[in-house]
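Below is structure_25.txt, holding compact mmCIF, C-alpha atoms and all ligand atoms.
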# COMPACT_ATOMS: atom_id res chain seq x y z
CA MET A 1 0.00 0.00 0.00
CA VAL A 2 1.23 3.44 -0.79
CA ARG A 3 1.37 5.82 2.07
CA LEU A 4 0.22 9.10 0.67
CA HIS A 5 1.39 10.85 3.73
CA ARG A 6 1.88 14.51 4.24
CA ASP A 7 3.33 15.93 7.37
CA GLY A 8 4.43 19.50 6.65
CA SER A 9 2.75 22.74 7.52
CA ARG A 10 -0.68 23.50 6.10
CA ARG A 11 0.53 26.54 4.23
CA ASP A 12 2.48 27.02 1.08
CA THR A 13 1.30 23.80 -0.46
CA SER A 14 2.39 24.59 -3.98
CA ARG A 15 6.00 25.29 -3.14
CA ARG A 16 6.40 21.91 -1.52
CA HIS A 17 6.18 20.36 -4.98
CA LEU A 18 9.21 21.89 -6.57
CA ALA A 19 11.24 18.80 -5.84
CA PRO A 20 13.45 18.06 -8.86
CA SER A 21 12.51 14.37 -8.80
CA LEU A 22 8.92 15.17 -9.58
CA GLY A 23 8.12 14.67 -13.25
CA VAL A 24 6.81 17.86 -14.76
CA HIS A 25 4.80 15.73 -17.16
CA ASP A 26 2.57 14.49 -14.38
CA ILE A 27 -0.72 16.17 -13.76
CA ALA A 28 -3.56 15.67 -11.33
CA ILE A 29 -7.10 16.59 -12.25
CA ASP A 30 -10.06 16.95 -9.93
CA LEU A 31 -12.73 16.21 -12.50
CA GLY A 32 -15.75 17.57 -10.67
CA THR A 33 -19.41 17.88 -11.58
CA ALA A 34 -19.16 21.64 -11.09
CA ASN A 35 -15.48 22.53 -11.45
CA THR A 36 -12.36 20.98 -12.89
CA VAL A 37 -9.11 21.83 -11.15
CA VAL A 38 -5.75 21.03 -12.75
CA TYR A 39 -2.52 20.57 -10.82
CA VAL A 40 0.81 20.22 -12.60
CA GLY A 41 3.69 18.49 -10.86
CA GLY A 42 6.39 21.03 -10.10
CA LYS A 43 4.02 23.96 -10.58
CA GLY A 44 0.84 23.57 -8.50
CA ILE A 45 -2.65 24.54 -9.61
CA VAL A 46 -2.67 25.92 -13.14
CA ALA A 47 -6.39 25.97 -13.94
CA SER A 48 -9.68 25.94 -12.12
CA GLU A 49 -12.73 26.35 -14.31
CA PRO A 50 -16.34 25.21 -14.50
CA SER A 51 -16.84 21.73 -16.00
CA VAL A 52 -18.82 23.03 -18.95
CA VAL A 53 -18.43 22.48 -22.68
CA ALA A 54 -20.22 24.45 -25.40
CA ALA A 55 -20.39 22.46 -28.60
CA ASP A 56 -22.22 22.48 -31.92
CA SER A 57 -25.32 20.34 -31.50
CA PHE A 58 -24.92 18.74 -34.93
CA THR A 59 -21.21 18.45 -35.65
CA GLY A 60 -19.99 18.23 -32.04
CA GLU A 61 -17.38 20.91 -32.75
CA VAL A 62 -16.28 22.48 -29.46
CA HIS A 63 -16.82 26.23 -29.24
CA ALA A 64 -15.76 26.90 -25.66
CA VAL A 65 -14.80 25.14 -22.43
CA GLY A 66 -14.75 26.33 -18.83
CA PHE A 67 -15.62 29.91 -17.85
CA GLU A 68 -16.45 30.94 -21.37
CA ALA A 69 -18.81 27.99 -21.87
CA GLU A 70 -20.45 28.52 -18.48
CA ARG A 71 -21.52 32.02 -19.49
CA MET A 72 -23.40 30.45 -22.38
CA ILE A 73 -25.56 28.09 -20.27
CA GLY A 74 -29.22 28.87 -20.89
CA ARG A 75 -28.25 31.48 -23.50
CA THR A 76 -27.27 29.40 -26.56
CA PRO A 77 -29.08 29.28 -29.90
CA ALA A 78 -30.54 25.94 -30.97
CA THR A 79 -27.38 24.95 -32.85
CA ILE A 80 -25.09 25.15 -29.81
CA SER A 81 -25.44 23.36 -26.49
CA ALA A 82 -23.56 24.33 -23.35
CA THR A 83 -23.57 21.31 -21.07
CA ARG A 84 -21.91 19.79 -18.04
CA PRO A 85 -20.61 16.38 -19.13
CA LEU A 86 -20.56 15.01 -15.58
CA ARG A 87 -23.56 14.32 -13.42
CA HIS A 88 -23.35 13.38 -9.77
CA GLY A 89 -19.60 13.03 -10.07
CA VAL A 90 -19.70 10.51 -12.91
CA ILE A 91 -19.45 10.83 -16.66
CA ALA A 92 -22.82 11.41 -18.29
CA ASP A 93 -21.45 12.25 -21.75
CA PHE A 94 -18.28 10.40 -22.63
CA GLY A 95 -17.33 12.27 -25.81
CA VAL A 96 -17.80 15.69 -24.25
CA THR A 97 -15.83 14.67 -21.14
CA GLU A 98 -12.98 13.56 -23.37
CA GLN A 99 -13.02 16.92 -25.17
CA MET A 100 -13.04 18.72 -21.85
CA LEU A 101 -10.11 16.69 -20.52
CA ARG A 102 -8.23 17.37 -23.75
CA TYR A 103 -8.76 21.10 -23.20
CA PHE A 104 -7.58 20.96 -19.59
CA ILE A 105 -4.54 18.84 -20.41
CA GLY A 106 -3.78 21.45 -23.08
CA ARG A 107 -4.07 24.18 -20.45
CA ALA A 108 -1.42 22.40 -18.43
CA PHE A 109 1.14 22.17 -21.24
CA ASP A 110 2.16 24.44 -24.06
CA ARG A 111 2.98 21.54 -26.31
CA ARG A 112 -0.05 19.98 -27.95
CA TRP A 113 1.52 16.54 -28.13
CA ALA A 114 2.15 16.14 -24.43
CA HIS A 115 1.15 12.73 -23.11
CA PRO A 116 1.27 13.21 -19.36
CA ARG A 117 0.80 10.72 -16.61
CA LEU A 118 -2.43 11.60 -14.94
CA ILE A 119 -4.09 11.21 -11.58
CA VAL A 120 -7.83 11.79 -11.70
CA CYS A 121 -10.21 11.95 -8.74
CA ALA A 122 -13.37 9.92 -8.64
CA PRO A 123 -16.10 9.87 -6.00
CA SER A 124 -15.74 6.90 -3.63
CA GLY A 125 -19.19 5.58 -4.52
CA VAL A 126 -18.61 5.01 -8.23
CA THR A 127 -18.97 1.62 -9.92
CA GLU A 128 -16.22 -0.20 -11.81
CA VAL A 129 -17.89 0.76 -15.08
CA GLU A 130 -17.95 4.42 -14.10
CA LYS A 131 -14.28 4.26 -13.08
CA ARG A 132 -13.42 2.62 -16.37
CA ALA A 133 -15.17 5.46 -18.22
CA VAL A 134 -12.99 8.07 -16.48
CA GLU A 135 -9.84 6.11 -17.29
CA GLU A 136 -10.84 5.62 -20.92
CA ALA A 137 -11.73 9.32 -21.31
CA ALA A 138 -8.36 10.34 -19.84
CA LEU A 139 -6.46 7.96 -22.14
CA ALA A 140 -8.49 9.10 -25.15
CA ALA A 141 -7.73 12.71 -24.22
CA GLY A 142 -4.02 11.98 -24.48
CA ALA A 143 -2.84 10.73 -21.09
CA ARG A 144 -0.05 8.16 -21.17
CA ARG A 145 -1.04 6.51 -17.92
CA VAL A 146 -3.88 7.18 -15.57
CA HIS A 147 -4.48 6.49 -11.90
CA LEU A 148 -7.74 7.12 -10.12
CA ILE A 149 -7.78 8.38 -6.57
CA GLU A 150 -10.82 8.52 -4.35
CA GLU A 151 -12.02 12.02 -3.66
CA PRO A 152 -12.20 11.86 0.17
CA ILE A 153 -8.64 10.51 0.32
CA ALA A 154 -7.43 13.32 -1.93
CA ALA A 155 -9.35 15.89 0.13
CA ALA A 156 -7.73 14.63 3.34
CA ILE A 157 -4.24 14.71 1.84
CA GLY A 158 -4.88 18.18 0.44
CA ALA A 159 -6.00 19.41 3.84
CA GLY A 160 -2.74 18.25 5.35
CA ILE A 161 -3.99 15.19 7.22
CA ALA A 162 -1.43 12.41 7.68
CA ILE A 163 -3.77 9.77 6.27
CA GLY A 164 -1.32 6.89 6.60
CA GLU A 165 -1.59 6.73 10.37
CA PRO A 166 -3.82 4.29 12.23
CA VAL A 167 -6.14 7.08 13.33
CA GLY A 168 -9.73 7.50 12.21
CA ARG A 169 -10.46 10.72 10.35
CA MET A 170 -13.80 11.70 8.88
CA VAL A 171 -14.12 13.76 5.71
CA LEU A 172 -17.32 15.37 4.43
CA ASP A 173 -17.04 16.60 0.84
CA ILE A 174 -20.05 18.45 -0.55
CA GLY A 175 -19.55 19.04 -4.27
CA GLY A 176 -21.84 20.18 -7.03
CA GLY A 177 -23.39 16.80 -7.72
CA THR A 178 -22.31 14.47 -4.92
CA SER A 179 -21.71 14.54 -1.21
CA GLU A 180 -19.38 12.06 0.31
CA VAL A 181 -18.73 11.09 3.87
CA ALA A 182 -15.79 8.82 4.52
CA VAL A 183 -13.84 7.50 7.47
CA ILE A 184 -10.19 7.09 6.59
CA SER A 185 -7.52 5.17 8.48
CA MET A 186 -4.10 3.89 7.39
CA GLY A 187 -4.46 5.32 3.90
CA GLY A 188 -7.74 3.60 3.06
CA ILE A 189 -11.45 4.19 3.36
CA VAL A 190 -12.99 2.17 6.20
CA VAL A 191 -16.63 3.21 5.81
CA SER A 192 -18.22 5.70 3.49
CA ARG A 193 -21.48 6.98 2.08
CA SER A 194 -21.86 8.78 -1.21
CA VAL A 195 -25.17 10.49 -1.94
CA ARG A 196 -26.10 11.98 -5.27
CA VAL A 197 -26.99 15.28 -3.67
CA GLY A 198 -24.82 18.38 -3.72
CA GLY A 199 -24.86 22.09 -4.49
CA TYR A 200 -26.90 21.62 -7.67
CA GLU A 201 -29.70 19.86 -5.85
CA MET A 202 -29.81 22.88 -3.54
CA ASP A 203 -30.02 25.19 -6.57
CA GLU A 204 -32.80 23.07 -8.03
CA ALA A 205 -34.66 23.11 -4.73
CA ILE A 206 -34.46 26.92 -4.76
CA SER A 207 -35.90 27.02 -8.29
CA HIS A 208 -38.76 24.75 -7.25
CA TYR A 209 -39.47 26.86 -4.22
CA LEU A 210 -39.67 30.04 -6.30
CA ARG A 211 -42.06 28.38 -8.73
CA ASP A 212 -44.31 27.07 -5.97
CA ALA A 213 -44.24 29.99 -3.56
CA HIS A 214 -43.76 32.96 -5.88
CA GLN A 215 -44.84 31.64 -9.31
CA LEU A 216 -41.46 32.76 -10.59
CA ALA A 217 -39.40 30.84 -13.14
CA ILE A 218 -35.64 31.31 -12.80
CA GLY A 219 -32.61 29.74 -14.49
CA SER A 220 -29.99 27.55 -12.81
CA GLN A 221 -27.42 30.36 -12.70
CA THR A 222 -29.84 32.62 -10.83
CA ALA A 223 -30.69 29.83 -8.39
CA GLU A 224 -27.01 29.34 -7.59
CA ALA A 225 -26.51 33.11 -7.21
CA ILE A 226 -29.35 33.18 -4.65
CA LYS A 227 -27.71 30.40 -2.66
CA LEU A 228 -24.35 32.14 -2.68
CA GLN A 229 -25.73 35.57 -1.87
CA ILE A 230 -28.35 34.87 0.82
CA GLY A 231 -28.33 31.10 1.48
CA SER A 232 -27.53 29.64 4.89
CA ALA A 233 -27.78 26.36 6.75
CA VAL A 234 -28.78 27.93 10.09
CA PRO A 235 -30.65 31.16 11.00
CA LEU A 236 -28.34 34.17 10.86
CA ALA A 237 -28.19 37.03 13.34
CA GLN A 238 -28.89 39.35 10.44
CA GLU A 239 -31.10 37.66 7.83
CA LEU A 240 -30.15 38.50 4.25
CA THR A 241 -32.51 39.49 1.44
CA MET A 242 -32.14 40.07 -2.28
CA GLY A 243 -34.15 41.06 -5.30
CA VAL A 244 -34.65 38.11 -7.68
CA ARG A 245 -35.60 38.56 -11.31
CA GLY A 246 -37.37 35.92 -13.33
CA ARG A 247 -40.40 35.25 -15.48
CA HIS A 248 -43.79 35.27 -13.78
CA LEU A 249 -45.51 31.98 -14.57
CA LEU A 250 -49.01 33.47 -14.83
CA THR A 251 -48.37 36.76 -16.63
CA GLY A 252 -45.33 35.54 -18.56
CA LEU A 253 -43.65 38.88 -17.86
CA PRO A 254 -40.21 39.59 -16.39
CA THR A 255 -40.80 40.22 -12.69
CA GLU A 256 -38.71 41.00 -9.61
CA ILE A 257 -39.51 39.77 -6.11
CA GLN A 258 -37.76 40.18 -2.75
CA LEU A 259 -36.51 36.91 -1.30
CA ASN A 260 -35.17 36.38 2.22
CA GLY A 261 -32.68 33.93 3.66
CA ALA A 262 -35.27 32.06 5.76
CA GLU A 263 -37.11 31.11 2.57
CA VAL A 264 -33.91 29.81 0.98
CA ARG A 265 -33.20 27.76 4.11
CA GLN A 266 -36.64 26.24 3.88
CA ALA A 267 -36.14 25.55 0.17
CA ILE A 268 -32.87 23.64 0.64
CA ARG A 269 -33.99 21.70 3.70
CA ALA A 270 -34.55 18.37 1.91
CA PRO A 271 -31.11 18.08 0.26
CA MET A 272 -29.51 19.36 3.49
CA GLU A 273 -31.26 16.64 5.51
CA GLU A 274 -30.11 13.96 3.07
CA ILE A 275 -26.49 15.00 3.58
CA LEU A 276 -26.90 15.06 7.36
CA ARG A 277 -28.45 11.58 7.22
CA ALA A 278 -25.43 10.30 5.31
CA ILE A 279 -23.15 11.61 8.08
CA ALA A 280 -25.28 10.00 10.79
CA GLU A 281 -25.36 6.63 8.99
CA THR A 282 -21.62 6.68 8.40
CA LEU A 283 -21.01 7.41 12.08
CA GLU A 284 -23.31 4.50 13.01
CA ASP A 285 -21.25 2.14 10.84
CA THR A 286 -17.89 3.35 12.15
CA PRO A 287 -16.00 0.85 14.33
CA PRO A 288 -15.76 2.09 17.95
CA GLU A 289 -12.02 2.82 18.05
CA LEU A 290 -12.25 4.96 14.95
CA ALA A 291 -15.41 6.66 16.22
CA GLY A 292 -13.40 7.61 19.30
CA ASP A 293 -10.72 9.15 17.08
CA ILE A 294 -13.31 11.12 15.14
CA ALA A 295 -14.87 12.41 18.35
CA ARG A 296 -11.42 13.73 19.24
CA GLU A 297 -10.28 14.94 15.81
CA GLY A 298 -13.59 16.20 14.45
CA ILE A 299 -14.84 16.17 10.86
CA LEU A 300 -12.93 17.73 7.96
CA LEU A 301 -15.15 19.71 5.59
CA ALA A 302 -14.18 20.03 1.92
CA GLY A 303 -15.89 20.83 -1.39
CA GLY A 304 -17.57 24.05 -2.44
CA GLY A 305 -20.88 23.13 -0.81
CA THR A 306 -19.34 23.34 2.66
CA LEU A 307 -18.83 27.08 2.10
CA LEU A 308 -22.57 27.60 2.64
CA ARG A 309 -23.05 30.04 5.52
CA GLY A 310 -23.61 28.24 8.82
CA LEU A 311 -22.98 24.75 7.41
CA PRO A 312 -20.17 23.95 9.87
CA GLU A 313 -22.43 25.01 12.76
CA LEU A 314 -25.27 22.83 11.48
CA VAL A 315 -23.01 19.77 11.18
CA THR A 316 -21.67 20.32 14.70
CA ASP A 317 -25.15 20.88 16.05
CA ARG A 318 -26.55 17.69 14.52
CA THR A 319 -23.60 15.34 15.10
CA GLY A 320 -22.03 16.71 18.26
CA MET A 321 -18.66 16.60 16.47
CA ALA A 322 -16.25 19.46 16.04
CA VAL A 323 -15.62 20.42 12.41
CA THR A 324 -12.69 21.91 10.54
CA LEU A 325 -13.16 23.65 7.21
CA ALA A 326 -10.32 22.84 4.79
CA GLU A 327 -8.17 25.85 4.10
CA SER A 328 -9.26 25.89 0.46
CA PRO A 329 -12.38 23.72 0.15
CA LEU A 330 -12.66 24.17 -3.64
CA THR A 331 -9.10 23.13 -4.42
CA CYS A 332 -7.99 20.79 -1.65
CA VAL A 333 -8.97 17.68 -3.63
CA ALA A 334 -6.75 18.79 -6.52
CA ILE A 335 -3.93 19.73 -4.14
CA GLY A 336 -4.18 16.32 -2.46
CA SER A 337 -4.15 14.55 -5.84
CA GLY A 338 -1.16 16.68 -6.79
CA GLN A 339 0.61 15.47 -3.67
CA ALA A 340 -0.15 11.89 -4.73
CA LEU A 341 1.79 12.55 -7.96
CA GLU A 342 4.95 12.34 -5.90
CA HIS A 343 4.14 8.68 -5.36
CA PHE A 344 3.12 7.89 -8.94
CA ASP A 345 5.74 5.21 -9.48
CA GLN A 346 4.96 3.53 -6.20
CA ILE A 347 1.29 3.18 -6.99
CA PRO A 348 0.74 -0.46 -7.91
CA SER A 349 -0.93 -1.16 -11.25
CA GLY A 350 -4.26 -2.89 -11.15
CA GLY A 351 -5.45 -1.33 -7.94
CA ALA A 352 -4.34 -1.13 -4.37
CA ARG A 353 -5.76 -3.47 -1.80
CA HIS A 354 -7.90 -0.76 -0.35
CA ALA A 355 -9.21 0.09 -3.79
CA THR A 356 -8.03 3.58 -3.00
CA ILE A 357 -6.20 3.92 -6.25
CA THR A 358 -6.55 2.05 -9.52
CA SER A 359 -4.37 2.34 -12.54
CA ARG A 360 -4.58 2.02 -16.36
CA ARG A 361 -1.95 2.33 -19.03
CA ARG A 362 -2.27 3.53 -22.63
CA SER A 363 -2.30 0.42 -24.83
CA SER A 364 -0.60 1.97 -27.88
N1 LIG A 401 -19.87 30.16 -0.89
C1 LIG A 401 -20.58 29.12 -1.26
N2 LIG A 401 -21.73 28.81 -0.61
C2 LIG A 401 -22.48 27.76 -0.99
N3 LIG A 401 -22.17 26.94 -1.98
C3 LIG A 401 -21.04 27.20 -2.67
C4 LIG A 401 -20.19 28.29 -2.35
N4 LIG A 401 -19.14 28.29 -3.22
C5 LIG A 401 -19.34 27.25 -4.05
N5 LIG A 401 -20.48 26.59 -3.73
C6 LIG A 401 -21.06 25.44 -4.40
O1 LIG A 401 -20.11 24.41 -4.44
C7 LIG A 401 -20.41 23.55 -5.56
C8 LIG A 401 -19.13 23.26 -6.30
O2 LIG A 401 -18.23 22.65 -5.42
P1 LIG A 401 -17.01 21.77 -5.95
O3 LIG A 401 -16.23 22.54 -6.95
O4 LIG A 401 -16.33 21.24 -4.76
O5 LIG A 401 -17.82 20.62 -6.72
P2 LIG A 401 -17.24 19.50 -7.68
O6 LIG A 401 -16.02 18.93 -7.08
O7 LIG A 401 -17.12 20.05 -9.05
O8 LIG A 401 -18.44 18.46 -7.69
P3 LIG A 401 -18.46 16.90 -7.28
O9 LIG A 401 -17.40 16.68 -6.27
O10 LIG A 401 -19.85 16.68 -6.77
O11 LIG A 401 -18.24 16.18 -8.57
C9 LIG A 401 -21.42 24.29 -6.44
O12 LIG A 401 -22.69 23.70 -6.29
C10 LIG A 401 -21.41 25.70 -5.84
O13 LIG A 401 -22.68 26.33 -5.96
MG MG A 402 -15.56 17.41 -5.89

Can the structure in the file be given as structure tokens, please?
Amino acid sequence: MVRLHRDGSRRDTSRRHLAPSLGVHDIAIDLGTANTVVYVGGKGIVASEPSVVAADSFTGEVHAVGFEAERMIGRTPATISATRPLRHGVIADFGVTEQMLRYFIGRAFDRRWAHPRLIVCAPSGVTEVEKRAVEEAALAAGARRVHLIEEPIAAAIGAGIAIGEPVGRMVLDIGGGTSEVAVISMGGIVVSRSVRVGGYEMDEAISHYLRDAHQLAIGSQTAEAIKLQIGSAVPLAQELTMGVRGRHLLTGLPTEIQLNGAEVRQAIRAPMEEILRAIAETLEDTPPELAGDIAREGILLAGGGTLLRGLPELVTDRTGMAVTLAESPLTCVAIGSGQALEHFDQIPSGGARHATITSRRRSS
């Protein structure tokens, strides 16, 4: 088993990777439902953009990827579609994912012909078929070799936890399309839950609420903006409000309403509860020694969804556990995968015993 162990300070993560032994042709990619983050060995994070591709609906020709494509969502003519090729952390559209990976690998290197070794993150709950799809897409996009690493493991490494030790640590990662709770000890996952609920389900719940309570139709971008601007997991001392523009369902006219934070909290209650249930169930399944460790060490929070106002308080309130927010929740999975690059040659092919990492090689 590889000990992907990090013991230095929590700061200055990128500079720790300037070791000459580290191949500059190695890259780590956190291929997320919402965002893709690219880490180049010897450099650190070189790109962090939305996982969106805008392509011609008929020919498949790619018009834009990342930020540029995200701006087009809900605003494209019939001939172009701006889509997210991943859903709930897994590939929903293979061809588009391959194109996206090709773009991001290109962002990492100036030379078009680069065939890097790649570490890609996958949610812990994915099936063998889903894993295979990620590996195939990475190889098709030009990678020479590809290893998969489980997202909670990468998050823990990226947050500076010495995962190789026989101590139980719990990670909660709330992404765009998945939330994962995992207990890690000695470099492997002991128990975990992965639910197909994340930030997007919260956005969708906000859209539904506005339709039902205010007869207002809004797009997905507006729903996310509401969550970011006034959303919270617990009541705030000073409740926030904002004006929301959309189309009134009865009159069909553009309309603006005032929305307050309490309404948003009510709207996102169901997805929130599902995530909390996953934590409770994982704790129930945790062997006693490890549960004792977690009670002492607390829960590590990672993923963009954990940036929701009051979320750490809610988790503490409902579980009784202390929580720590990763220093950079949106990038710690990529940083952790980048750290794993240092061990690329020690990662056994065909999968580690703990199924923490699996490996494929380009056949040609
Ligand atoms: N300040 C914030 N408050 C609430 N939610 C936030 C905040 N910042 C980002 N998010 C949400 O975090 C989500 C994206 O997080 P992240 O980039 O970790 O997901 P991902 O890794 O792409 O997805 P997954 O891991 O599910 O495949 C989005 O739903 C976004 O709305
Ligand atoms: Mg993620």

Original post:
Distance CA of Ser179 in chain A-CA of His343 in chain A, one decimal place?
Top reply: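 CA of His343 in chain A lies at a distance of 26.8 Å from CA of Ser179 in chain A.
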
Counting only C-alpha atoms and all ligand atoms, what are the residues, protein, DNA or RNA alike, that approach ligand LIG 401 (chain A) to within 7 Å? I want them as a PDB file with C-alpha atoms, keeping the file's coordinate frame.
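Everything below was put into result33.pdb:
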ATOM      1  CA  ASP A  30     -10.060  16.950  -9.930  1.00  0.00           C
ATOM      2  CA  LEU A  31     -12.730  16.210 -12.500  1.00  0.00           C
ATOM      3  CA  GLY A  32     -15.750  17.570 -10.670  1.00  0.00           C
ATOM      4  CA  THR A  33     -19.410  17.880 -11.580  1.00  0.00           C
ATOM      5  CA  ALA A  34     -19.160  21.640 -11.090  1.00  0.00           C
ATOM      6  CA  ASN A  35     -15.480  22.530 -11.450  1.00  0.00           C
ATOM      7  CA  THR A  36     -12.360  20.980 -12.890  1.00  0.00           C
ATOM      8  CA  HIS A  88     -23.350  13.380  -9.770  1.00  0.00           C
ATOM      9  CA  GLY A  89     -19.600  13.030 -10.070  1.00  0.00           C
ATOM     10  CA  PRO A 123     -16.100   9.870  -6.000  1.00  0.00           C
ATOM     11  CA  ILE A 174     -20.050  18.450  -0.550  1.00  0.00           C
ATOM     12  CA  GLY A 175     -19.550  19.040  -4.270  1.00  0.00           C
ATOM     13  CA  GLY A 176     -21.840  20.180  -7.030  1.00  0.00           C
ATOM     14  CA  GLY A 177     -23.390  16.800  -7.720  1.00  0.00           C
ATOM     15  CA  THR A 178     -22.310  14.470  -4.920  1.00  0.00           C
ATOM     16  CA  SER A 179     -21.710  14.540  -1.210  1.00  0.00           C
ATOM     17  CA  GLY A 198     -24.820  18.380  -3.720  1.00  0.00           C
ATOM     18  CA  GLY A 199     -24.860  22.090  -4.490  1.00  0.00           C
ATOM     19  CA  TYR A 200     -26.900  21.620  -7.670  1.00  0.00           C
ATOM     20  CA  GLU A 224     -27.010  29.340  -7.590  1.00  0.00           C
ATOM     21  CA  LYS A 227     -27.710  30.400  -2.660  1.00  0.00           C
ATOM     22  CA  LEU A 228     -24.350  32.140  -2.680  1.00  0.00           C
ATOM     23  CA  GLY A 303     -15.890  20.830  -1.390  1.00  0.00           C
ATOM     24  CA  GLY A 304     -17.570  24.050  -2.440  1.00  0.00           C
ATOM     25  CA  GLY A 305     -20.880  23.130  -0.810  1.00  0.00           C
ATOM     26  CA  THR A 306     -19.340  23.340   2.660  1.00  0.00           C
ATOM     27  CA  LEU A 307     -18.830  27.080   2.100  1.00  0.00           C
ATOM     28  CA  LEU A 308     -22.570  27.600   2.640  1.00  0.00           C
ATOM     29  CA  ARG A 309     -23.050  30.040   5.520  1.00  0.00           C
ATOM     30  CA  PRO A 329     -12.380  23.720   0.150  1.00  0.00           C
ATOM     31  CA  LEU A 330     -12.660  24.170  -3.640  1.00  0.00           C
TER      32      LEU A 330
END

Subject >> Neighbour list for Ala143 in chain A as a PyMOL selection string, cut-off 7 Å, all atoms listed in the file, skip fewer than 4 positions in-chain >> reply: chain A and resi 115-118+138-139

**OP:** Could you give me, as a PyMOL selection string, the residues within 9 Å of Ala295 in chain A, counting only C-alpha atoms and dropping anything in the same chain fewer than 6 positions from it?
**Re:** chain A and resi 320-322

Subject >> Best match for closeness to Ser220 in chain A among A:Thr251, A:Arg75, A:Ile257, A:Leu301, counting only C-alpha atoms >> reply: A:Arg75

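Between CA of Ser81 in chain A and CA of Val53 in chain A lies a distance of 8.0 Å.
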
Original post:
Restricting the calculation to only C-alpha atoms and all ligand atoms, which member of A:Thr331, A:Gln229, A:Thr324, A:Ser337 is positioned closest to ligand MG 402 (chain A)?
Top reply: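 Closest to ligand MG 402 (chain A) of all the choices is A:Thr331.
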
Around range 54-66 of chain A, with edges along x, y and z and 4 Å added on all six sides, what centre and edge lengths do you get, in Å to one decimal, as AutoDock Vina command-line options?
--center_x -20.0 --center_y 22.6 --center_z -27.2 --size_x 18.6 --size_y 16.7 --size_z 24.8

Original post:
Between A:Met202, A:Ala133, A:Leu259, A:Ala122, which one has atoms that come closest to ligand MG 402 (chain A), using all atoms listed in the file?
Top reply: A:Ala122

**OP:** Would you mind reading off the distance between atom MG of ligand MG 402 (chain A) and CA of Ala137 in chain A, one decimal, in Å?
**Re:**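 Spanning atom MG of ligand MG 402 (chain A) to CA of Ala137 in chain A is a straight-line distance of 17.8 Å.
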
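With all atoms listed in the file as the atoms that count, the minimum distance from ligand MG 402 (chain A) to the choices A:Asp203, A:Glu297, A:Glu327, A:Glu151 is reached by A:Glu151.
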
Original post:
Residues around (-9.2, 22.7, 3.7), cut-off 12 Å, counting only C-alpha atoms - what are they as a ChimeraX atom specification?
Top reply: /A:10-11,13,152,154-161,171-173,299-304,306-307,323-336

Within 7 Å of (-20.1, 13.2, 10.2), only C-alpha atoms: residues as a PDB file with C-alpha atoms, in the frame of the given file?
ATOM      1  CA  MET A 170     -13.800  11.700   8.880  1.00  0.00           C
ATOM      2  CA  LEU A 172     -17.320  15.370   4.430  1.00  0.00           C
ATOM      3  CA  VAL A 181     -18.730  11.090   3.870  1.00  0.00           C
ATOM      4  CA  ILE A 279     -23.150  11.610   8.080  1.00  0.00           C
ATOM      5  CA  ALA A 280     -25.280  10.000  10.790  1.00  0.00           C
ATOM      6  CA  THR A 282     -21.620   6.680   8.400  1.00  0.00           C
ATOM      7  CA  LEU A 283     -21.010   7.410  12.080  1.00  0.00           C
ATOM      8  CA  ILE A 299     -14.840  16.170  10.860  1.00  0.00           C
ATOM      9  CA  THR A 319     -23.600  15.340  15.100  1.00  0.00           C
TER      10      THR A 319
END

Original post:
With all atoms listed in the file as the atoms that count, which of A:Glu263, A:Asp26, A:Glu136, A:Asp285 lies nearest to Ser207 in chain A?
Top reply: A:Glu263
